[in-house]
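Here the structure is laid out as structure tokens; the discussion comes afterwards.
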Amino acid sequence: MNPPPQAPLVFIVDDDPSVREAVADLLASVDLEARSFGSVAQFLAAEQPSVPSCLVLDIRMPGQSGLEFQKDMGAKGLRMPVIFITGHGDIEMSVRAMKNGAIEFLTKPFRDQDLIDAIQEGLKRDRARLEADGALADLHRNWQSLSPGERQVMVMVGRGLLNKQIAGELGLSEITVKVRRGHAMRKMQAKSLADLIRMLDRLGSAATDA
């Protein structure tokens with residue numbers, strides 16, 4: 001049974017209370033929950049649930065600027081998409097923001113629909129990221145459920161070796177290799193050899209170190 005979908009969340013970081021209120025009201029009108037902060041420091045001090053999210057961020061604020069914070073987000077483990085809003089933007093700022101991965105760069109006053117469209121795109125991307133992260137976590141759990149012998153066989157299968165060759169390298173009978181391979185394929189939920197090879201590729205060093 002799949003878990004219920006998680007309600008998305010939009011974070012607004014802007015030092016102007018009137019802007020925060022206006023954006024929050026706009027999002028409420030399209031049934032999106034928003035949490036507002038007057039500075040980057042306030043945002044960092046708050047809880048950030050693991051739900052599809054995006055960040056509506058002002059460029060110029062007291063303390064750390066929006067552009068500076070965008071560059072630091074990766075180091076802080078923050079991967080949510082960013083949408084910039086500013087009353088003082090220029091082409092250089094816009095280029096920097098977009099090169100660093102911003103979804104959009106909007107200059108105040110902007111059209112409400114432009115901001116809503118950018119936020120919906122940001123939430124779509126973050127939802128896909130969270131789903132991919134969850135699938136990778138499941139893959140690692142399945143890998144950890146294998147016995148050491150099953151992992152050995154899987155890695156050698158991934159190298160393109162036949163059961164007979166694996167048996168020779170490991171000093172096992174071919175039937176033992178077949179049994180371990182079958183158990184491992186079921187535990188990994190691999191439907192085919194090609195499926196397994198893709199899984200091993202996604203596991204990276206966790207599989208090659210087996």
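Each chain of the structure tokens is named A, B, ... in the order shown, its residues numbered from 1; ligands are numbered from 1 in display order.
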>> I need the residues of segment 24-112 of chain A that end up classed as strand (DSSP E or B) by DSSP on the backbone, written out as number ranges by chain.
In response: A: 33-37, 53-58, 82-86, 104-107
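Remark: for Val19 of chain A, the closest of the candidate residues A:Asp58, A:Asp138, A:Glu92, A:Glu33 is A:Asp58 (distances computed over only C-alpha atoms).
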> Near Lys76 of chain A, counting only C-alpha atoms, which residues have an atom at most 10 Å away, once you skip same-chain residues fewer than 5 positions from it, shown as a PyMOL selection string?
Replying inline: chain A and resi 44+69+71
>> With only C-alpha atoms as the counted atoms, please give the residues lying no more than 6 Å from segment 184-201 of chain A, apart from itself and same-chain residues fewer than 3 positions off, as a PyMOL selection string.
In response: chain A and resi 142+150+158+181+204
Export of prior selection with N, CA, C and O atoms as a short mmCIF file (atom, residue, chain, number, x, y, z; two decimals), in the first residue's frame:
data_model
loop_
_atom_site.label_atom_id
_atom_site.label_comp_id
_atom_site.auth_asym_id
_atom_site.auth_seq_id
_atom_site.Cartn_x
_atom_site.Cartn_y
_atom_site.Cartn_z
N ASN A 142 17.24 -3.04 0.06
CA ASN A 142 17.20 -4.36 -0.57
C ASN A 142 18.60 -4.96 -0.67
O ASN A 142 18.80 -6.16 -0.43
N GLU A 150 25.40 -13.72 -1.61
CA GLU A 150 24.49 -13.25 -2.66
C GLU A 150 25.01 -11.96 -3.29
O GLU A 150 24.91 -11.78 -4.51
N GLY A 158 26.79 -8.76 -12.59
CA GLY A 158 26.85 -7.42 -13.17
C GLY A 158 28.07 -7.21 -14.04
O GLY A 158 28.05 -6.37 -14.95
N ARG A 181 21.85 -16.58 -6.89
CA ARG A 181 21.42 -15.59 -7.88
C ARG A 181 19.90 -15.42 -7.84
O ARG A 181 19.39 -14.30 -7.86
N GLY A 204 26.34 2.03 -7.18
CA GLY A 204 27.71 2.53 -7.24
C GLY A 204 28.66 1.77 -6.34
O GLY A 204 28.71 0.55 -6.36
#
> In Å, with one decimal, what is the gap from atom CA of Ile59 of chain A to atom CA of Asp126 of chain A?
Replying inline: 21.5 Å
>> List as a PyMOL selection string the protein and nucleic acid residues near Leu162 of chain A, meaning an atom at most 10 Å away when only C-alpha atoms are counted, but skip any in the same chain fewer than 5 places from it.
In response: chain A and resi 156-157+167-168+174+177
Could you take the residues named above and write them with N, CA and C atoms, as a PDB file, in the first residue's frame?
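Okay, this is what ended up in result_25.pdb:
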ATOM      1  N   MET A 156      29.294 -10.125  -9.613  1.00  0.00           N
ATOM      2  CA  MET A 156      29.924 -10.853 -10.716  1.00  0.00           C
ATOM      3  C   MET A 156      28.966 -11.024 -11.892  1.00  0.00           C
ATOM      4  N   VAL A 157      27.674 -11.178 -11.586  1.00  0.00           N
ATOM      5  CA  VAL A 157      26.675 -11.184 -12.654  1.00  0.00           C
ATOM      6  C   VAL A 157      26.688  -9.837 -13.371  1.00  0.00           C
ATOM      7  N   ALA A 167      30.987 -19.664 -10.541  1.00  0.00           N
ATOM      8  CA  ALA A 167      31.249 -20.848  -9.715  1.00  0.00           C
ATOM      9  C   ALA A 167      32.742 -21.153  -9.673  1.00  0.00           C
ATOM     10  N   GLY A 168      33.413 -21.056 -10.831  1.00  0.00           N
ATOM     11  CA  GLY A 168      34.847 -21.319 -10.884  1.00  0.00           C
ATOM     12  C   GLY A 168      35.648 -20.320 -10.077  1.00  0.00           C
ATOM     13  N   GLU A 174      27.893 -24.900  -9.486  1.00  0.00           N
ATOM     14  CA  GLU A 174      27.058 -24.043 -10.321  1.00  0.00           C
ATOM     15  C   GLU A 174      25.647 -23.941  -9.757  1.00  0.00           C
ATOM     16  N   VAL A 177      25.505 -21.265  -7.115  1.00  0.00           N
ATOM     17  CA  VAL A 177      25.479 -19.935  -7.729  1.00  0.00           C
ATOM     18  C   VAL A 177      24.072 -19.611  -8.227  1.00  0.00           C
TER      19      VAL A 177
END
>> Just want the 8 Å neighbourhood of Ala34 of chain A, counted on only C-alpha atoms, with same-chain residues fewer than 3 positions away dropped. Output as a list in words.
In response: Leu9, Val10, Phe11, Ile12, Ala24, Leu27 and Ala28 of chain A
